[in-house]
>>> print(open('input.csv').read())   # CSV, C-alpha atoms
chain,number,residue,atom,x,y,z
D,1,MET,CA,-17.8,-7.0,35.5
D,2,LEU,CA,-14.3,-8.4,35.1
D,3,ARG,CA,-15.7,-11.5,33.3
D,4,ASP,CA,-17.5,-9.2,30.9
D,5,ILE,CA,-14.4,-7.2,30.2
D,6,LEU,CA,-12.3,-10.4,29.6
D,7,GLU,CA,-15.0,-11.9,27.4
D,8,GLU,CA,-15.2,-8.7,25.3
D,9,ALA,CA,-11.4,-8.7,25.0
D,10,SER,CA,-11.3,-12.3,23.8
D,11,LYS,CA,-13.8,-11.4,20.9
D,12,PRO,CA,-12.3,-8.3,19.4
D,13,CYS,CA,-13.8,-8.9,16.0
D,14,GLU,CA,-17.5,-9.2,17.0
D,15,GLY,CA,-19.9,-6.4,16.7
D,16,ASN,CA,-20.0,-3.3,14.6
D,17,PRO,CA,-17.1,-1.0,13.7
D,18,PRO,CA,-17.0,2.4,15.5
D,19,ALA,CA,-18.4,5.4,13.6
D,20,GLY,CA,-14.9,6.8,13.0
D,21,LEU,CA,-13.8,3.6,11.4
D,22,VAL,CA,-16.9,3.5,9.2
D,23,GLU,CA,-16.2,7.1,8.1
D,24,GLY,CA,-12.5,6.3,7.5
D,25,ILE,CA,-13.5,3.3,5.3
D,26,ARG,CA,-15.9,5.6,3.3
D,27,LEU,CA,-13.0,8.0,2.8
D,28,PHE,CA,-10.6,5.2,1.8
D,29,ASN,CA,-13.1,3.8,-0.7
D,30,ALA,CA,-13.4,7.4,-2.2
D,31,GLY,CA,-9.7,7.5,-2.6
D,32,GLU,CA,-9.3,10.3,0.0
D,33,PHE,CA,-6.4,8.6,1.8
D,34,TYR,CA,-5.1,11.6,3.7
D,35,GLU,CA,-8.6,12.3,5.2
D,36,CYS,CA,-9.0,8.5,5.9
D,37,HIS,CA,-5.7,8.6,7.8
D,38,GLU,CA,-6.9,11.6,9.9
D,39,VAL,CA,-10.2,10.0,10.8
D,40,ILE,CA,-8.9,6.5,11.6
D,41,GLU,CA,-5.9,7.8,13.4
D,42,HIS,CA,-8.3,9.3,16.0
D,43,GLU,CA,-10.0,5.9,16.5
D,44,TRP,CA,-6.6,4.2,16.7
D,45,HIS,CA,-5.4,6.6,19.4
D,46,ALA,CA,-8.7,6.3,21.4
D,47,GLU,CA,-8.6,2.5,21.4
D,48,SER,CA,-6.6,0.6,24.0
D,49,ARG,CA,-7.6,-3.0,23.1
D,50,PRO,CA,-5.7,-5.1,20.5
D,51,ILE,CA,-8.3,-4.3,17.9
D,52,ARG,CA,-6.4,-1.0,17.5
D,53,ARG,CA,-3.9,-2.9,15.4
D,54,LEU,CA,-6.6,-3.5,12.8
D,55,TYR,CA,-7.3,0.3,12.7
D,56,GLN,CA,-3.6,1.0,12.3
D,57,GLY,CA,-3.3,-1.6,9.5
D,58,ILE,CA,-6.2,0.0,7.5
D,59,LEU,CA,-4.7,3.4,8.1
D,60,GLN,CA,-1.3,2.3,6.9
D,61,ILE,CA,-2.7,0.7,3.7
D,62,GLY,CA,-4.4,4.0,2.9
D,63,VAL,CA,-1.3,6.0,3.6
D,64,GLY,CA,0.7,3.6,1.5
D,65,PHE,CA,-1.6,4.4,-1.5
D,66,LEU,CA,-1.2,8.1,-0.7
D,67,HIS,CA,2.6,7.7,-0.9
D,68,ALA,CA,2.2,6.0,-4.2
D,69,ARG,CA,0.0,8.8,-5.5
D,70,ARG,CA,2.6,11.3,-4.4
D,71,GLY,CA,5.4,9.4,-6.1
D,72,ASN,CA,7.1,7.9,-3.0
D,73,HIS,CA,7.6,4.4,-4.2
D,74,THR,CA,9.7,3.2,-1.2
D,75,GLY,CA,7.3,4.8,1.3
D,76,ALA,CA,4.3,3.2,-0.4
D,77,LEU,CA,5.8,-0.3,-0.3
D,78,LEU,CA,6.9,0.0,3.3
D,79,LEU,CA,3.5,1.3,4.6
D,80,LEU,CA,1.5,-1.2,2.5
D,81,ALA,CA,3.6,-4.1,3.8
D,82,ASP,CA,3.1,-3.0,7.4
D,83,GLY,CA,-0.6,-2.4,6.9
D,84,ILE,CA,-1.2,-5.7,5.1
D,85,ALA,CA,0.6,-7.6,7.9
D,86,LYS,CA,-1.5,-6.0,10.6
D,87,THR,CA,-4.8,-6.3,8.7
D,88,ALA,CA,-4.1,-10.0,7.8
D,89,ASP,CA,-3.8,-10.7,11.6
D,90,PHE,CA,-7.6,-10.2,11.7
D,91,SER,CA,-8.5,-12.4,8.7
D,92,PRO,CA,-10.8,-13.5,7.3
D,93,THR,CA,-13.2,-11.0,8.8
D,94,CYS,CA,-13.3,-8.6,11.7
D,95,LEU,CA,-16.0,-6.2,12.7
D,96,GLY,CA,-17.8,-7.3,9.5
D,97,ILE,CA,-14.9,-6.1,7.4
D,98,ASP,CA,-13.6,-8.5,4.8
D,99,THR,CA,-10.0,-8.2,6.0
D,100,GLY,CA,-8.8,-11.2,4.1
D,101,ARG,CA,-9.9,-9.7,0.8
D,102,LEU,CA,-8.4,-6.3,1.7
D,103,ALA,CA,-5.0,-7.9,2.6
D,104,ALA,CA,-5.0,-10.0,-0.6
D,105,GLU,CA,-6.1,-7.2,-2.9
D,106,SER,CA,-3.6,-4.8,-1.3
D,107,GLN,CA,-0.8,-7.4,-1.8
D,108,ALA,CA,-1.7,-7.7,-5.5
D,109,ALA,CA,-1.4,-3.9,-5.7
D,110,VAL,CA,2.1,-4.1,-4.0
D,111,GLU,CA,3.1,-6.6,-6.7
D,112,ARG,CA,2.0,-4.2,-9.4
D,113,LEU,CA,3.9,-1.3,-7.7
D,114,ARG,CA,7.1,-3.5,-7.5
D,115,THR,CA,6.8,-4.4,-11.1
D,116,LEU,CA,6.5,-0.7,-12.1
D,117,GLY,CA,9.4,0.4,-9.9
D,118,PRO,CA,10.0,4.0,-8.9
D,119,GLU,CA,10.7,5.0,-12.5
D,120,ARG,CA,7.2,4.0,-13.8
D,121,LEU,CA,5.2,4.6,-10.6
D,122,HIS,CA,3.3,7.3,-12.4
D,123,GLU,CA,1.8,4.5,-14.6
D,124,PHE,CA,0.1,2.8,-11.6
D,125,ASP,CA,-3.6,2.4,-12.2
D,126,PHE,CA,-5.3,3.8,-9.1
D,127,THR,CA,-8.6,2.3,-10.2
D,128,THR,CA,-7.1,-1.0,-9.1
D,129,VAL,CA,-6.7,0.1,-5.5
D,130,PRO,CA,-9.0,-2.2,-3.4
D,131,GLN,CA,-12.2,-1.1,-2.0
D,132,ILE,CA,-12.8,-2.1,1.6
D,133,GLN,CA,-15.7,-4.5,1.6
D,134,PHE,CA,-17.9,-6.0,4.2
D,135,ALA,CA,-18.1,-9.8,4.4
D,136,PRO,CA,-21.4,-11.2,3.0
D,137,GLU,CA,-22.1,-13.0,6.3
D,138,SER,CA,-22.0,-9.7,8.2
D,139,LEU,CA,-24.7,-8.2,6.1
D,140,PRO,CA,-28.2,-8.1,7.7
D,141,ALA,CA,-30.6,-10.8,6.4
D,142,ALA,CA,-32.8,-9.4,3.7
D,143,SER,CA,-36.4,-9.1,4.5
D,144,ALA,CA,-39.2,-9.9,2.1
D,145,SER,CA,-40.4,-6.3,2.0
D,146,ALA,CA,-37.2,-4.4,1.6
D,147,ALA,CA,-33.5,-4.7,1.2
D,148,PRO,CA,-31.6,-3.8,4.4
D,149,SER,CA,-29.5,-0.7,4.7
D,150,PRO,CA,-26.1,-1.7,6.1
D,151,PRO,CA,-24.6,0.5,8.8
D,152,TRP,CA,-21.5,1.0,6.7
D,153,PRO,CA,-20.6,2.6,3.4
D,154,GLU,CA,-21.3,0.7,0.3
D,155,ALA,CA,-18.4,0.2,-2.1
D,156,GLU,CA,-18.6,2.0,-5.4
D,157,GLY,CA,-17.8,0.2,-8.6
D,158,PRO,CA,-15.6,-2.9,-9.1
>>> encode(input="input.csv", output="structure tokens")
Amino acid sequence: MLRDILEEASKPCEGNPPAGLVEGIRLFNAGEFYECHEVIEHEWHAESRPIRRLYQGILQIGVGFLHARRGNHTGALLLLADGIAKTADFSPTCLGIDTGRLAAESQAAVERLRTLGPERLHEFDFTTVPQIQFAPESLPAASASAAPSPPWPEAEGP
């Protein structure tokens, strides 16, 4: 029993993401950052293991983009930086999520936000907000008869 608990704790990134995280990712990818926050926050509070830091990181990245959308340049930069740092701790992948890509693409968005500054924040192109992707190696192997349906939301568009 204790051995199983310790083994599970040492492999926080293995397995599938919980349903609430999957739903939060779907909302994030749809640009529904406030709703994403509400859903993932529930998973974050319910989780006691270190993996909760990943949940918090994804949540903070989403809220950072929400702040940008609402015109809060400073809040956007602060939350994005915190979220990127937490998410990057679980790079390159965790729970099948391409965390390295999320951190890198979010950092690129931070650079665009910094370049714009608070005066031109309204010019930020929200179509450049990253989509949370799942790592190719985490996708189920394709069968000869049909393509698999992954247990997570598919990203829309580039």
>>> residues_around(input="input.csv", residues="range 73-81 of chain D", least_positions_apart="3", cutoff="7 Å", atoms="only C-alpha atoms", output="list in words")
Gln60, Ile61, Val63, Gly64, Phe65, His67, Ala68, Ile84, Ala85, Val110, Pro118 and Leu121 of chain D
>>> residues_near_point(input="input.csv", point="(-18.0, 0.6, 12.0)", cutoff="10 Å", atoms="all atoms listed in the file", output="list of chain:residue names")
D:Gly15, D:Asn16, D:Pro17, D:Pro18, D:Ala19, D:Gly20, D:Leu21, D:Val22, D:Glu23, D:Gly24, D:Ile25, D:Leu95, D:Gly96, D:Ile97, D:Pro151, D:Trp152, D:Pro153
>>> closest_residue(input="input.csv", among="D:Tyr55, D:Asp98, D:Asn72, D:Lys11", to="Gln131 in chain D", atoms="all atoms listed in the file")
D:Asp98
>>> closest_residue(input="input.csv", among="D:Gly83, D:Glu123, D:Arg53, D:Arg26", to="Ala104 in chain D", atoms="all atoms listed in the file")
D:Gly83
>>> atom_distance(input="input.csv", atom1="CA of Cys94 in chain D", atom2="CA of Pro12 in chain D")
7.8 Å
